[in-house]
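Enquirer: I am attaching a structure below and will ask some questions about it afterwards.
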Amino acid sequence: MADIVRSVKGTRDFYPDEMAVRRWMFDIIRDVSTRFGYQEFDGPCLEFIDLYAAKSGEELVKEQAFVFSSPGDDMLTLRPELTPTLARMVAQRQYEIPMPLRWWSIGPFWRYENPQRGRTREFFQWNIDLVGTEAVAADAEIVAVAASFLKETGLSSDQVQIFVNNRRLMDDALSTINIAKELRHDVFKVVDKLDKLSEKEWRAYALEIGLTEGQVDGLLNLVNDQDLFMKSDELVEFFELIKIFGVEDYVTYSPKVIRGLDYYTGTVFEAFELGGASRAILGGGRYDNLVSDVGGNRLPGVGFAMGDVVIELVLRDAGVIPEKLGHKPQVLVTVFDETMLPESLKIAEEIRMAGYRAAVYPEADKLGKQFKYADKLDISVAVILGPDELNENLVAVKNLKTRDQVTIGRSELIKQIEKFLPSLP
RNA sequence: GUGCCUGUAGCUCAAUGGUUAGAGCGCCUCACUGUGGAUGAGGAGGUUGAGGGUUCGACCCCCUUCAGGCACCCCA
């Protein structure tokens, strides 16, 4: 055992049970994305480091990306996020792609961080973007997609909420309490920290970046004003539209949501598990310059990203992951002895043609062992074909759940299996 | 990058510094050569993460190192 080469730190093995959960989540993501008219796309997992130098947060590339030189001495990186790739792909065909474009993607990403609960070094991320429009309806649609996903997984609006704010509104509001423009970037960071620090620590942090006591008080009033959104025509319209999308239960205004990243310009939002850990399930917002950094013309858009690790924890905690996932065989065809193997194979093929998942025990062995095997795989039906049955053109079918066994004519086989398999999972 | 905690059988864990490191579960065999979950009997499986030190004696104490977990940082 000690000789088995271990897996790379921060990566995960997906055994069939875990893979089934991942498949289930990804299927919901695909269903929701495509239902809203989004097209799937993907880029390479390897990119030149230059792609990220311009745009992403400094720390993301310098300290959190897997960077290495290729045998040809190119500086490459395993993609830590999708947006720069999306920006490049859009810029390359900026005047060919019909705008606005609706694209979505799910794939692996890598960040060199210390793994802990809810965070790995290799993870999957769902990205979805609506690019080429500044319409508020686009913002509402993207949030509606996020809400629809959460709803579809079985999470209730008591368990999860999407909090929405607007950077422009916050900018105006900060002006009313006389916070200088140069401080905005830092102030956004301060607001972002609000729920992560104690009030005392938070106040100290706010003062440290250069705010006065009066400004800190003003800021506190601001971020506790649940009606602040009424001062923003954009947000008023946004929430009207959210009602029409039918997801208003899942969406709330919050002046505390601001997002750390610099490139957001308008609507910003984050989904949180309520009551549980306060880590964001997904986050996104409106940006004005998707492609200008990679050499395109100004192109506004709105989108969000969701990692698979946190959402899976939330889904697990909420107990909404279905019990029986995956595609184990439904029927095991036993092999009585070596001479019977061809007949068993024939029967299995017959069952498959009828649309059931059937596996043949691959060799002749004690029936008890074969049953035990079926048991461990949670297979519900076994087919037994011995010399007695073969001589009279019969076959025995056993319901492993109820222990009922019947011997019937070969032509009745499928009908009997149907009786024993109540519903297709 | 920083801090804290933990490494003993496949898994979950025991074992005052003192014989040959144990248990439950799991695994294999048999009771049961045409029938599984139960029961009983037997069996396999360990360089106690690795290296060094202290000691008459180390799973236990000390140092180093590796790995894992958690938290900070940052973010999905």
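A note on labels: chains of the structure tokens are A, B, ... as shown, every chain counts residues from 1, and ligands are counted from 1 in their shown order.
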Show me, as JSON lines, the residues of chain A having an atom within 10 Å of chain B, each with the closest atom pair and its distance in Å, using only C-alpha atoms (C1' of nucleotides).

Expert:
```
{"residue": "A:Met1", "atom": "CA", "partner": "B:G10", "partner_atom": "C1'", "distance": 8.9}
{"residue": "A:Ala2", "atom": "CA", "partner": "B:G49", "partner_atom": "C1'", "distance": 8.9}
{"residue": "A:Arg6", "atom": "CA", "partner": "B:A67", "partner_atom": "C1'", "distance": 9.6}
{"residue": "A:Lys9", "atom": "CA", "partner": "B:G68", "partner_atom": "C1'", "distance": 9.3}
{"residue": "A:Glu59", "atom": "CA", "partner": "B:C74", "partner_atom": "C1'", "distance": 8.0}
{"residue": "A:Leu60", "atom": "CA", "partner": "B:C74", "partner_atom": "C1'", "distance": 8.2}
{"residue": "A:Glu63", "atom": "CA", "partner": "B:G1", "partner_atom": "C1'", "distance": 9.2}
{"residue": "A:Gln64", "atom": "CA", "partner": "B:C74", "partner_atom": "C1'", "distance": 8.9}
{"residue": "A:Glu81", "atom": "CA", "partner": "B:A76", "partner_atom": "C1'", "distance": 9.3}
{"residue": "A:Arg111", "atom": "CA", "partner": "B:C75", "partner_atom": "C1'", "distance": 9.8}
{"residue": "A:Glu113", "atom": "CA", "partner": "B:C74", "partner_atom": "C1'", "distance": 8.8}
{"residue": "A:Asn114", "atom": "CA", "partner": "B:G1", "partner_atom": "C1'", "distance": 9.9}
{"residue": "A:Pro115", "atom": "CA", "partner": "B:G69", "partner_atom": "C1'", "distance": 9.2}
{"residue": "A:Gln116", "atom": "CA", "partner": "B:C70", "partner_atom": "C1'", "distance": 6.9}
{"residue": "A:Arg117", "atom": "CA", "partner": "B:C70", "partner_atom": "C1'", "distance": 7.8}
{"residue": "A:Gly118", "atom": "CA", "partner": "B:A76", "partner_atom": "C1'", "distance": 9.3}
{"residue": "A:Arg119", "atom": "CA", "partner": "B:A76", "partner_atom": "C1'", "distance": 8.5}
{"residue": "A:Phe123", "atom": "CA", "partner": "B:A76", "partner_atom": "C1'", "distance": 8.7}
{"residue": "A:Phe124", "atom": "CA", "partner": "B:A76", "partner_atom": "C1'", "distance": 8.8}
{"residue": "A:Gln125", "atom": "CA", "partner": "B:A76", "partner_atom": "C1'", "distance": 6.9}
{"residue": "A:Trp126", "atom": "CA", "partner": "B:A76", "partner_atom": "C1'", "distance": 9.0}
{"residue": "A:Gly260", "atom": "CA", "partner": "B:C75", "partner_atom": "C1'", "distance": 9.1}
{"residue": "A:Leu261", "atom": "CA", "partner": "B:C75", "partner_atom": "C1'", "distance": 9.8}
{"residue": "A:Arg279", "atom": "CA", "partner": "B:A76", "partner_atom": "C1'", "distance": 9.4}
{"residue": "A:Ala280", "atom": "CA", "partner": "B:A76", "partner_atom": "C1'", "distance": 7.6}
{"residue": "A:Ile281", "atom": "CA", "partner": "B:A76", "partner_atom": "C1'", "distance": 6.9}
{"residue": "A:Leu282", "atom": "CA", "partner": "B:A76", "partner_atom": "C1'", "distance": 6.3}
{"residue": "A:Gly283", "atom": "CA", "partner": "B:A76", "partner_atom": "C1'", "distance": 7.6}
{"residue": "A:Phe304", "atom": "CA", "partner": "B:A76", "partner_atom": "C1'", "distance": 9.8}
{"residue": "A:Ala305", "atom": "CA", "partner": "B:A76", "partner_atom": "C1'", "distance": 6.6}
{"residue": "A:Met306", "atom": "CA", "partner": "B:A76", "partner_atom": "C1'", "distance": 5.2}
{"residue": "A:Gly307", "atom": "CA", "partner": "B:A76", "partner_atom": "C1'", "distance": 4.1}
{"residue": "A:Asp308", "atom": "CA", "partner": "B:A76", "partner_atom": "C1'", "distance": 7.6}
{"residue": "A:Val309", "atom": "CA", "partner": "B:A76", "partner_atom": "C1'", "distance": 8.0}
{"residue": "A:Val310", "atom": "CA", "partner": "B:A76", "partner_atom": "C1'", "distance": 7.5}
{"residue": "A:Ile311", "atom": "CA", "partner": "B:A76", "partner_atom": "C1'", "distance": 9.2}
{"residue": "A:Phe336", "atom": "CA", "partner": "B:G34", "partner_atom": "C1'", "distance": 8.3}
{"residue": "A:Lys366", "atom": "CA", "partner": "B:U33", "partner_atom": "C1'", "distance": 8.2}
{"residue": "A:Leu367", "atom": "CA", "partner": "B:U35", "partner_atom": "C1'", "distance": 6.0}
{"residue": "A:Gly368", "atom": "CA", "partner": "B:U35", "partner_atom": "C1'", "distance": 5.6}
{"residue": "A:Lys369", "atom": "CA", "partner": "B:G36", "partner_atom": "C1'", "distance": 7.6}
{"residue": "A:Gln370", "atom": "CA", "partner": "B:G36", "partner_atom": "C1'", "distance": 7.9}
{"residue": "A:Phe371", "atom": "CA", "partner": "B:G36", "partner_atom": "C1'", "distance": 4.5}
{"residue": "A:Lys372", "atom": "CA", "partner": "B:G36", "partner_atom": "C1'", "distance": 4.5}
{"residue": "A:Tyr373", "atom": "CA", "partner": "B:G36", "partner_atom": "C1'", "distance": 7.9}
{"residue": "A:Ala374", "atom": "CA", "partner": "B:G36", "partner_atom": "C1'", "distance": 7.6}
{"residue": "A:Asp375", "atom": "CA", "partner": "B:G36", "partner_atom": "C1'", "distance": 6.1}
{"residue": "A:Lys376", "atom": "CA", "partner": "B:G36", "partner_atom": "C1'", "distance": 9.0}
{"residue": "A:Ile384", "atom": "CA", "partner": "B:G34", "partner_atom": "C1'", "distance": 9.1}
{"residue": "A:Leu385", "atom": "CA", "partner": "B:G34", "partner_atom": "C1'", "distance": 9.6}
{"residue": "A:Gly386", "atom": "CA", "partner": "B:G34", "partner_atom": "C1'", "distance": 7.6}
{"residue": "A:Pro387", "atom": "CA", "partner": "B:G34", "partner_atom": "C1'", "distance": 9.7}
{"residue": "A:Asp388", "atom": "CA", "partner": "B:G34", "partner_atom": "C1'", "distance": 9.5}
{"residue": "A:Lys398", "atom": "CA", "partner": "B:U35", "partner_atom": "C1'", "distance": 9.3}
{"residue": "A:Leu400", "atom": "CA", "partner": "B:G36", "partner_atom": "C1'", "distance": 7.7}
{"residue": "A:Lys401", "atom": "CA", "partner": "B:G37", "partner_atom": "C1'", "distance": 9.8}
{"residue": "A:Arg403", "atom": "CA", "partner": "B:G36", "partner_atom": "C1'", "distance": 9.3}
{"residue": "A:Gln405", "atom": "CA", "partner": "B:U35", "partner_atom": "C1'", "distance": 9.9}
```

Enquirer: Could you pull the residues within 12 Å of Val143 in chain A, counting only C-alpha atoms (C1' of nucleotides), minus those fewer than 2 positions along the same chain, as a compact mmCIF listing (two decimals) with N, CA and C atoms, in the first residue's frame?

Expert:
```txt
# COMPACT_ATOMS: atom_id res chain seq x y z
N SER A 33 -28.69 25.94 -18.57
CA SER A 33 -27.99 26.82 -19.51
C SER A 33 -28.63 26.78 -20.89
N PHE A 36 -32.14 28.35 -21.40
CA PHE A 36 -32.16 29.81 -21.56
C PHE A 36 -31.53 30.24 -22.89
N ILE A 128 -20.94 31.29 -17.28
CA ILE A 128 -22.01 31.62 -18.22
C ILE A 128 -22.04 33.13 -18.41
N ASP A 129 -22.10 33.55 -19.67
CA ASP A 129 -22.00 34.98 -19.97
C ASP A 129 -22.98 35.39 -21.06
N LEU A 130 -23.46 36.62 -20.91
CA LEU A 130 -24.30 37.24 -21.94
C LEU A 130 -23.58 38.52 -22.35
N VAL A 136 -30.61 46.01 -18.89
CA VAL A 136 -30.84 45.50 -17.54
C VAL A 136 -31.46 44.11 -17.60
N ALA A 137 -32.23 43.87 -18.66
CA ALA A 137 -32.85 42.55 -18.82
C ALA A 137 -31.79 41.45 -18.91
N ALA A 138 -30.61 41.80 -19.41
CA ALA A 138 -29.53 40.82 -19.49
C ALA A 138 -29.04 40.47 -18.09
N ASP A 139 -28.90 41.49 -17.26
CA ASP A 139 -28.49 41.25 -15.87
C ASP A 139 -29.50 40.36 -15.16
N ALA A 140 -30.77 40.71 -15.37
CA ALA A 140 -31.83 39.94 -14.71
C ALA A 140 -31.84 38.51 -15.21
N GLU A 141 -31.61 38.33 -16.51
CA GLU A 141 -31.63 36.99 -17.07
C GLU A 141 -30.51 36.12 -16.47
N VAL A 145 -30.89 32.76 -14.38
CA VAL A 145 -30.26 31.48 -14.71
C VAL A 145 -29.67 30.87 -13.43
N ALA A 146 -28.96 31.71 -12.68
CA ALA A 146 -28.36 31.23 -11.43
C ALA A 146 -29.44 30.74 -10.47
N ALA A 147 -30.50 31.51 -10.34
CA ALA A 147 -31.58 31.14 -9.43
C ALA A 147 -32.27 29.86 -9.89
N SER A 148 -32.45 29.73 -11.19
CA SER A 148 -33.11 28.54 -11.73
C SER A 148 -32.28 27.29 -11.44
N PHE A 149 -30.97 27.46 -11.56
CA PHE A 149 -30.10 26.33 -11.24
C PHE A 149 -30.28 25.90 -9.79
N LEU A 150 -30.20 26.88 -8.87
CA LEU A 150 -30.31 26.57 -7.45
C LEU A 150 -31.64 25.89 -7.15
N GLN A 161 -29.70 32.08 -1.07
CA GLN A 161 -30.18 33.35 -1.61
C GLN A 161 -29.10 33.99 -2.49
N ILE A 162 -29.56 34.69 -3.51
CA ILE A 162 -28.64 35.48 -4.34
C ILE A 162 -28.80 36.94 -3.92
N PHE A 163 -27.71 37.54 -3.48
CA PHE A 163 -27.74 38.94 -3.05
C PHE A 163 -27.20 39.82 -4.18
N VAL A 164 -27.94 40.86 -4.48
CA VAL A 164 -27.62 41.70 -5.63
C VAL A 164 -27.37 43.13 -5.20
N ASN A 165 -26.40 43.75 -5.84
CA ASN A 165 -26.13 45.16 -5.61
C ASN A 165 -25.68 45.78 -6.94
N PHE A 238 -34.42 46.08 -12.49
CA PHE A 238 -33.89 44.72 -12.32
C PHE A 238 -34.85 43.87 -11.49
N PHE A 239 -35.28 44.41 -10.36
CA PHE A 239 -36.13 43.61 -9.48
C PHE A 239 -37.54 43.41 -10.05
N LEU A 241 -38.02 42.89 -13.21
CA LEU A 241 -37.82 41.81 -14.18
C LEU A 241 -37.63 40.46 -13.47
N ILE A 242 -36.94 40.49 -12.33
CA ILE A 242 -36.73 39.24 -11.58
C ILE A 242 -38.06 38.60 -11.21
N LYS A 243 -39.04 39.46 -10.89
CA LYS A 243 -40.38 38.94 -10.60
C LYS A 243 -40.96 38.24 -11.80
N PHE A 245 -39.36 36.84 -14.20
CA PHE A 245 -38.67 35.56 -14.38
C PHE A 245 -39.16 34.51 -13.38
N GLY A 246 -39.86 34.95 -12.36
CA GLY A 246 -40.45 34.02 -11.40
C GLY A 246 -39.47 33.48 -10.38
N VAL A 247 -38.38 34.21 -10.13
CA VAL A 247 -37.39 33.70 -9.18
C VAL A 247 -37.17 34.69 -8.03
N GLU A 248 -38.16 35.56 -7.78
CA GLU A 248 -37.96 36.61 -6.79
C GLU A 248 -37.70 36.06 -5.39
N TYR A 250 -35.70 33.87 -4.62
CA TYR A 250 -34.28 33.53 -4.49
C TYR A 250 -33.36 34.74 -4.56
N VAL A 251 -33.93 35.92 -4.81
CA VAL A 251 -33.09 37.08 -5.08
C VAL A 251 -33.42 38.22 -4.11
N THR A 252 -32.41 38.76 -3.48
CA THR A 252 -32.59 39.82 -2.49
C THR A 252 -31.61 40.96 -2.75
N THR A 267 -24.17 45.91 -12.10
CA THR A 267 -24.75 44.89 -11.25
C THR A 267 -23.68 43.92 -10.74
N VAL A 268 -23.72 43.63 -9.45
CA VAL A 268 -22.87 42.56 -8.89
C VAL A 268 -23.75 41.67 -8.03
N PHE A 269 -23.41 40.39 -7.97
CA PHE A 269 -24.24 39.48 -7.16
C PHE A 269 -23.43 38.29 -6.68
N GLU A 270 -23.91 37.73 -5.57
CA GLU A 270 -23.30 36.55 -4.99
C GLU A 270 -24.38 35.68 -4.39
N ALA A 271 -24.25 34.37 -4.56
CA ALA A 271 -25.19 33.45 -3.91
C ALA A 271 -24.53 32.88 -2.66
N LEU A 282 -21.62 31.15 -5.72
CA LEU A 282 -21.31 31.64 -7.05
C LEU A 282 -21.29 33.16 -7.00
N GLY A 283 -20.63 33.76 -7.95
CA GLY A 283 -20.57 35.22 -7.95
C GLY A 283 -20.34 35.74 -9.35
N GLY A 284 -20.85 36.93 -9.60
CA GLY A 284 -20.65 37.51 -10.92
C GLY A 284 -21.15 38.93 -10.98
N GLY A 285 -21.28 39.43 -12.18
CA GLY A 285 -21.75 40.79 -12.34
C GLY A 285 -21.53 41.32 -13.74
N ARG A 286 -21.74 42.62 -13.86
CA ARG A 286 -21.62 43.27 -15.16
C ARG A 286 -20.25 43.90 -15.33
N VAL A 302 -22.37 40.51 -19.05
CA VAL A 302 -22.70 40.14 -17.68
C VAL A 302 -22.60 38.63 -17.58
N GLY A 303 -22.10 38.15 -16.44
CA GLY A 303 -21.94 36.71 -16.30
C GLY A 303 -21.58 36.33 -14.88
N PHE A 304 -21.46 35.03 -14.66
CA PHE A 304 -21.01 34.60 -13.35
C PHE A 304 -20.25 33.28 -13.45
N ALA A 305 -19.59 32.92 -12.37
CA ALA A 305 -18.87 31.65 -12.30
C ALA A 305 -19.27 30.93 -11.02
```

Enquirer: Find the spatial neighbours of Met230 in chain A, counting only C-alpha atoms (C1' of nucleotides), within a cut-off of 10 Å - ignore same-chain residues fewer than 6 positions away - and output them as an MDAnalysis selection string.

Expert: chainID A and resid 169 236:237

Enquirer: Step one, run DSSP on the backbone; step two, keep only residues of range 98-180 of chain A assigned to alpha helix (DSSP H); then write them as a list in words.

Expert: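 Checking each residue of range 98-180 of chain A, the alpha helix (DSSP H) ones are Val136, Ala137, Ala138, Asp139, Ala140, Glu141, Ile142, Val143, Ala144, Val145, Ala146, Ala147, Ser148, Phe149, Leu150, Lys151, Glu152, Thr153, Arg167, Arg168, Leu169, Met170, Asp171, Asp172, Ala173, Leu174, Ser175 and Thr176 of chain A.
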
Enquirer: What is the distance between CA of Gly319 in chain A and CA of Asn127 in chain A, in Å to one decimal?

Expert: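 Interatomic distance, CA of Gly319 in chain A to CA of Asn127 in chain A: 24.8 Å.
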